[in-house]
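Asks: One structure follows; several queries about it will come next.
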Number of protein chains: 6
Amino acid sequence: MTGLDRIIENALAEDIHTGDITTLAVMREPREARARLIAKEPMVLAGIEAATRVFHLLDPLILITPHFSDGDALKTGDNIVEITGNASSLLQGERVALNILQRMCGVATLTARYVAAVQGTKARVVDTRKTAPSLRILDKYAVRVGGGVNHRTGLYDGVLIKENHIAAAGGIGVAISRARAYIPHTMKIEVETESLPEVAQALAAGADIIMLDNMDTATMVEAVEMIDGRALVEASGGVNLDTVREIAATGVDIISVGALTHSARAMDISMLLEVS
Amino acid sequence: MTGLDRIIENALAEDIHTGDITTLAVMREPREARARLIAKEPMVLAGIEAATRVFHLLDPLILITPHFSDGDALKTGDNIVEITGNASSLLQGERVALNILQRMCGVATLTARYVAAVQGTKARVVDTRKTAPSLRILDKYAVRVGGGVNHRTGLYDGVLIKENHIAAAGGIGVAISRARAYIPHTMKIEVETESLPEVAQALAAGADIIMLDNMDTATMVEAVEMIDGRALVEASGGVNLDTVREIAATGVDIISVGALTHSARAMDISMLLEVS
Amino acid sequence: MTGLDRIIENALAEDIHTGDITTLAVMREPREARARLIAKEPMVLAGIEAATRVFHLLDPLILITPHFSDGDALKTGDNIVEITGNASSLLQGERVALNILQRMCGVATLTARYVAAVQGTKARVVDTRKTAPSLRILDKYAVRVGGGVNHRTGLYDGVLIKENHIAAAGGIGVAISRARAYIPHTMKIEVETESLPEVAQALAAGADIIMLDNMDTATMVEAVEMIDGRALVEASGGVNLDTVREIAATGVDIISVGALTHSARAMDISMLLEVS
Amino acid sequence: MTGLDRIIENALAEDIHTGDITTLAVMREPREARARLIAKEPMVLAGIEAATRVFHLLDPLILITPHFSDGDALKTGDNIVEITGNASSLLQGERVALNILQRMCGVATLTARYVAAVQGTKARVVDTRKTAPSLRILDKYAVRVGGGVNHRTGLYDGVLIKENHIAAAGGIGVAISRARAYIPHTMKIEVETESLPEVAQALAAGADIIMLDNMDTATMVEAVEMIDGRALVEASGGVNLDTVREIAATGVDIISVGALTHSARAMDISMLLEVS
Amino acid sequence: MTGLDRIIENALAEDIHTGDITTLAVMREPREARARLIAKEPMVLAGIEAATRVFHLLDPLILITPHFSDGDALKTGDNIVEITGNASSLLQGERVALNILQRMCGVATLTARYVAAVQGTKARVVDTRKTAPSLRILDKYAVRVGGGVNHRTGLYDGVLIKENHIAAAGGIGVAISRARAYIPHTMKIEVETESLPEVAQALAAGADIIMLDNMDTATMVEAVEMIDGRALVEASGGVNLDTVREIAATGVDIISVGALTHSARAMDISMLLEVS
Amino acid sequence: MTGLDRIIENALAEDIHTGDITTLAVMREPREARARLIAKEPMVLAGIEAATRVFHLLDPLILITPHFSDGDALKTGDNIVEITGNASSLLQGERVALNILQRMCGVATLTARYVAAVQGTKARVVDTRKTAPSLRILDKYAVRVGGGVNHRTGLYDGVLIKENHIAAAGGIGVAISRARAYIPHTMKIEVETESLPEVAQALAAGADIIMLDNMDTATMVEAVEMIDGRALVEASGGVNLDTVREIAATGVDIISVGALTHSARAMDISMLLEVS
């Protein structure tokens, strides 16, 4: 079972559990129906496969006819996808499908706004590990659909050395050389810094990537100048739609934004159902 | 394993997977540390048990000293809880614990604003099934902490008869009598209506609860008058912080708000770590 | 995976585990076969979908031709269903399918006897939580097939306030008002009583349902009279086929019977197999 | 996690799911309580460890004081075990613990009656695979407690060659030699027979165990005589408390009884709770 | 889900986890491809179904055309199987399929060498429980393909009484009679011995199988003579390709070899892929 | 549950399943015992925590006294660890613990031989994805203990562009630029090459790591010279203990060796048990 299917199975079990008691009680005979998912506001579409997979897992005989693809810009009233089949299956899948789709569209739409805000600079907008617990693959996929790029997925597939690691190792040089000896040769080493002297140390110690954590933009400019292309530079902390352009203008390579995944508002999408 | 533990185990597996490679590489010797979770803005605290359970599941020897309880109103700078023990365990649990806590505080804080907005009316603010997939028990708990009340948990523990059910059954009277015959005697029957004639029919058919779906407040007033205490009345659709007070003033018993759980912004909380 | 599929997968794993060693050793070549499930005594059929699903999960190419439906009254010798396909699959599924079907028919048949016994009264026969561990959805389904109605499914989807709850809360009024404030508006409140004074208190406190626990029928008559339609009345305890009619005659609305699910005898059904 | 723990976890999840809503709503403060499990009729005790494990898995701080052991003969009123601790934990575990214990005592008690019925003969009473789906280890344990012995656990740990296997292999000799070549040397081969000529063939082909399926006792006597100790003899089919003694008197070694596990009545046991 | 599918699902999750990042990044459009698995050295083929099942579980539209069957002797360059379909699916399944197939062929090939070495004697070569954790069913299957026979699968489906069991029981006679009373009548009893006096005791106590543990061949000859067909005889310990023939010549019935499954070298097999 | 615990739980379930029938039958009373794990040949110890965790998961009261640590060089007869506690628990855990420990010591010991063979060169010995299905974390840990370094863990945490990826993308430049745009900035890009012209192309296209696949050492020398430190160089294919030194002498940075994990022989370790 893929990660996506597991997420959907868990969500369906959570919502349906022992059965949709209303439908079981009231809709005794099978009925054919047609459902349409309608955008109720402008948005970037993300999650069409995940949302329709919900119905397919509930009932393999459901037919799916998508009218848009992930990444498309939708306007109010757009008919995203038609889903036809047994009415009970459509009613049972409705809420889970919408919960997934509305969240993913929310993340993609917010990401697209950040990406637009830095257009013309060299900065890429990346996500963080501040995702909804157990939904990280959906959140990170939606960031990509919105034009962002992913940071490491978790603690296991990327190295980020922080102040406490350095303190425990007894210095930034030791920390980096320990990491280099331990990690696969396929990984780079990123170091978090909070001041220009720390940037200088990280650079001297051979960091591949230097994170500027919560610095003001003036300091960032100095840092970028000091690093001068010898390491990638990531800005982190205090990023929002009002500040992101100015941060990008400092010349950093990467801007990481927690809000993309922890504070995106759900997009308004509803399902219209016609029972035939 | 409880539902909470399963959520945490999944979230930890998602984040740590084969191991926190930075800590494994750099922190060779065990170090004691003290972490504090700090509120960076005012909020209603929710999820303290869930967040600290993360550390306990990672490492049973971690000590937890909470300074506040769920439901407390926090101000900026409040030290929510102290967590002491092995530094690696603290670093590994940090992100998952914060992801859970920031989301739950966000939901509770937003709920509290809705509850405050209707204060003095008889309306109760309730949630919906518009929750993050597989996190419903956390979302619904946070709503309660914020002063709201839960609607049914899923499709299995409450009856809500919609237009399509009525059409399939051939009428609202048939739909209700089928439901009454089928469901446990411990459940009530709620019917969704979109107009005053539908309200009248639901009332005549013996509905225990009548949902007024997307009605304007003038119509709601008429509906409440028509129902006159013979059924509970729930307002649904188009509810936000600007409109909720006016809706409450119509005399409805219950106002359900999707935004509580699908669009709450994460509260700003950070973890300070001191390695000794 | 649905709850039914999970039950079947567990049962198959329990029975087959690393393989049907006899068939693996002896039946080297695939053989087509036809199996028939035969009723060896009169019974109410329940579980035909669950039983045949066993074969389908083992082998999607198996063909199922049912001759009867759940709820049908079978007589000795009736050919319930024909199952054709690979002989090994039929042999491997036989025992699990029969174990499920024999149990479910037993529950439905016993329920039907209780329902018949109260015919003409207004009482409905309901089940309890006294089901076989992890088989509750099958047991409760079989009760419905037999003409009974379900009580709450578990501790989570219905409220039943018992003596200890009342003692802990400090009185029945407090207990009910706490419950009303906490539970979804879609749920009713049931209170367990053991004497007429307790019935009077529950009624005064606004219970929606009053359970008369282990009362004699004379007391039940008084209780029904006292309640007088202001709450639903459930009789519980000491119910068997000899007493159920007299209990129904007291005017109670609901009679709950643990024996339906904890003491039903398995019906006699066997599988005849012809290898071609 | 052991098989027992998995059964209990599943049963608790089934019953409690998102929470014991009554206790959550009404019992706000933790209360200490003492529960006693009381036998309400004579029985053979079985399952004391499984039943009390329920409380321990819910709450490790619960204290268990058993007064009897599995295999003990209980009389009405016996106080089986005392369980003290948090009242909520006791209330939440009550039903699952009783469902397990009542079923297991039922199986052990019925088994003990069969064992008593054949006392003085050489026959051992054994169970079958006709157990409740996913509860086989509990059912088979209870049979042992009642004085019976287990047959093979499933299709994987014992060989039983039936008519269809023989037909598919092309003869009993081929079937047995195929089995002997394939199975571990630690297993015996049992063959099902329905007539004396089949018994003769099985014997000639070197079966270790010969099952006499649905034979009358006169034929059984002849079969036992014919076999004359060269193979073990198992009687199967049509066994009940009225016939088992006569069957044992034929001289068979083993009598298998499906009713032990598929039709045992639950024993009457209740839990008395005192909240302090 | 069968045991095989569970092993494959785990292996795929282990290798692919959140996605094959190279293929996701680089191969944007679906491409058809043809893969061939090629033997790079002579070997006994084992695991063709397991290996190709990997691709089928990843992608049900993959087509499989096997050119050889399990048990076939392959020579260098043989094209074992062709697999056609989506290139991404083939790339994602390659490593897991090969890991399974190379291991299973290794076990089968090594087993075949032991079997060849004892040809003409009556000894059967059997495996042990010294298998790779959680891969036992694959390892034991490969032993059978190589011409060996399985010993018991685990601790649950066969009895092997060792020195410590005998010491705990207080003697070999007690140990065997306890076992006989407890175990299903379908199982035999094997006893481990380390000297001729122990062999004599086991024989006198009625052991069905006597294991000669780490004896020299001269002693084995004496033991076989002493036992004289009254029990099966298994040689164990110190068996390798240099010694196995001499051991077989002692007249033992069974020779168990741990190396078959714990030290088989992976066979050299590679996958050639052509993208069209 | 950690990955290690899941592996052990699966292995214990595989071996013990419904119970250690010999011990259940024969050892009626609990007995204290002391076990020692003894090295029967020289080896590098790896897996002491995993092996002893087996006993701890079976029985939390078991006491573990290790005399050596992972990475220690053991000689024949060394007493690795003492384990004391209930004899049944020791007997039940013995095989699983040894299966894990013998495999891990085998991998570490073989790795140490490769590492010794390249001593004095700058080459690091790394593993591959050719591990036993579902045991990768153990295999890769043992490689580290033996002095090797890990390559990427799976397809998800490192990029390796092969010939088919390049063909599908339409050229190596396109493939690398697509990868750079897609992957987290924390990952490097490795490209597989089979000839010097391909090396030149990979270098020109900006590959971070260049794999020399199945080249002879003369060609490797040329490749290393051509690359001249502008990318890391990995040698792969045809590596064994006879060739590894010569390959290292070519100046490559990394040598990957499949045999470390797919063909390591199990080390000879046995458990001595004394029941008191």
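Every chain in the structure tokens has a letter given in the order shown (A, B, ...), and although residue numbers restart at 1 in each chain, ligands are simply numbered from 1 in the order shown.
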Which residues of chain B come within 7 Å of chain A, and for each one, what is the closest pair of atoms and their distance in Å to one decimal, counting only C-alpha atoms, sorted by chain and residue number, as a tab-separated table?
Replies:
residue	atom	partner	partner_atom	distance
B:Asn10	CA	A:Ser134	CA	6.0
B:Ala11	CA	A:Ser134	CA	5.0
B:Glu14	CA	A:Ser134	CA	6.4
B:Asp15	CA	A:Gly154	CA	4.5
B:Ile16	CA	A:Leu155	CA	5.2
B:His17	CA	A:Tyr156	CA	6.3
B:Thr18	CA	A:Tyr156	CA	6.0
B:Gly19	CA	A:Tyr156	CA	5.2
B:Asp20	CA	A:Leu155	CA	4.6
B:Ile21	CA	A:Tyr156	CA	5.3
B:Thr22	CA	A:Val159	CA	5.1
B:Thr23	CA	A:His165	CA	7.0
B:Ala25	CA	A:Ala179	CA	5.0
B:Val26	CA	A:Ala175	CA	5.5
B:Met27	CA	A:Ala168	CA	6.0
B:Asn99	CA	A:Lys130	CA	5.9
B:Ile100	CA	A:Pro133	CA	6.9
B:Lys130	CA	A:Asn99	CA	5.9
B:Thr131	CA	A:Asn99	CA	6.7
B:Ala132	CA	A:Asn99	CA	6.6
B:Pro133	CA	A:Ala11	CA	5.0
B:Ser134	CA	A:Ala11	CA	5.0
B:Gly154	CA	A:Asp15	CA	4.5
B:Leu155	CA	A:Asp20	CA	4.6
B:Tyr156	CA	A:Asp20	CA	5.1
B:Val159	CA	A:Thr22	CA	5.1
B:Leu160	CA	A:Thr22	CA	6.3
B:Ile161	CA	A:Thr22	CA	6.4
B:Asn164	CA	A:Val275	CA	6.7
B:His165	CA	A:Met27	CA	6.3
B:Ala168	CA	A:Met27	CA	5.9
B:Ala169	CA	A:Met27	CA	6.0
B:Ala175	CA	A:Val26	CA	5.5
B:Arg178	CA	A:Val26	CA	5.7
B:Ala179	CA	A:Ala25	CA	5.0
B:Tyr182	CA	A:Ala25	CA	5.6
B:His262	CA	A:Ala266	CA	5.7
B:Ser263	CA	A:Arg265	CA	4.4
B:Ala264	CA	A:Ser263	CA	6.9
B:Arg265	CA	A:Ser263	CA	4.4
B:Ala266	CA	A:Ser263	CA	5.4
B:Val275	CA	A:Asn164	CA	6.7
Asks: What are the DSSP alpha helix (DSSP H) residues of segment 38-219 of chain E, as a PyMOL selection string?
Replies: chain E and resi 48-58+87-117+136-145+163-169+172-182+196-204+217-219
Asks: For segment 107-120 of chain A, please output as a PyMOL selection string all residues within 10 Å (counting only C-alpha atoms; exclusion window: fewer than 4 positions along the same chain).
Replies: chain A and resi 42-47+70-71+73+101-103+124-127+138-149+239-249+255+257+259-267
Asks: Name all residues at most 8 Å from segment 56-63 of chain F (count only C-alpha atoms; drop same-chain ones fewer than 3 positions away) and give them as a ChimeraX atom specification.
Replies: /F:9,52-53,83-86,89,93
Asks: Would you compute the distance between atom CA of Leu272 of chain F and atom CA of Leu37 of chain F? Give it in Å to one decimal.
Replies: 6.5 Å
Asks: Residues within 7 Å of Glu41 of chain B, please, as a VMD selection string. Count only C-alpha atoms; anything in the same chain fewer than 6 positions from it doesn't count.
Replies: chain B and resid 75 to 76 268
Asks: Name the residues of segment 32-87 of chain D that fall into strand (DSSP E) according to DSSP on the backbone, using the chain letters and numbers of this document, as an MDAnalysis selection string.
Replies: chainID D and resid 32:39 43:44 63:66 73:74 79:86
Asks: Just the selected residues (C-alpha atoms), exported as a compact mmCIF listing (two decimals), in the first residue's frame, please.
Replies:
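As written to disk, selection_3.txt reads:
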# COMPACT_ATOMS: atom_id res chain seq x y z
CA GLU D 32 -10.41 5.29 43.02
CA ALA D 33 -12.59 2.22 42.80
CA ARG D 34 -12.64 -1.48 43.58
CA ALA D 35 -14.21 -4.00 41.25
CA ARG D 36 -14.94 -7.65 41.82
CA LEU D 37 -15.78 -10.25 39.19
CA ILE D 38 -18.45 -12.57 40.59
CA ALA D 39 -19.51 -15.97 39.29
CA MET D 43 -18.42 -23.03 36.10
CA VAL D 44 -14.83 -23.96 35.29
CA LEU D 63 -3.87 -3.66 40.73
CA ILE D 64 -5.07 -7.23 40.23
CA THR D 65 -5.70 -9.68 43.07
CA PRO D 66 -6.93 -13.03 41.74
CA ALA D 73 -14.34 -25.15 39.69
CA LEU D 74 -16.31 -22.08 40.79
CA ASN D 79 -15.37 -13.66 44.01
CA ILE D 80 -13.00 -14.48 41.16
CA VAL D 81 -10.70 -11.49 41.28
CA GLU D 82 -10.43 -8.00 42.72
CA ILE D 83 -9.32 -5.13 40.56
CA THR D 84 -8.55 -1.74 42.08
CA GLY D 85 -7.55 1.54 40.54
CA ASN D 86 -8.94 4.45 38.57
Asks: Within 7 Å of segment 219-225 of chain B, counting only C-alpha atoms, which residues qualify if same-chain residues fewer than 2 places away don't, as a PyMOL selection string?
Replies: chain B and resi 196+199+215-217+227-228+250-252
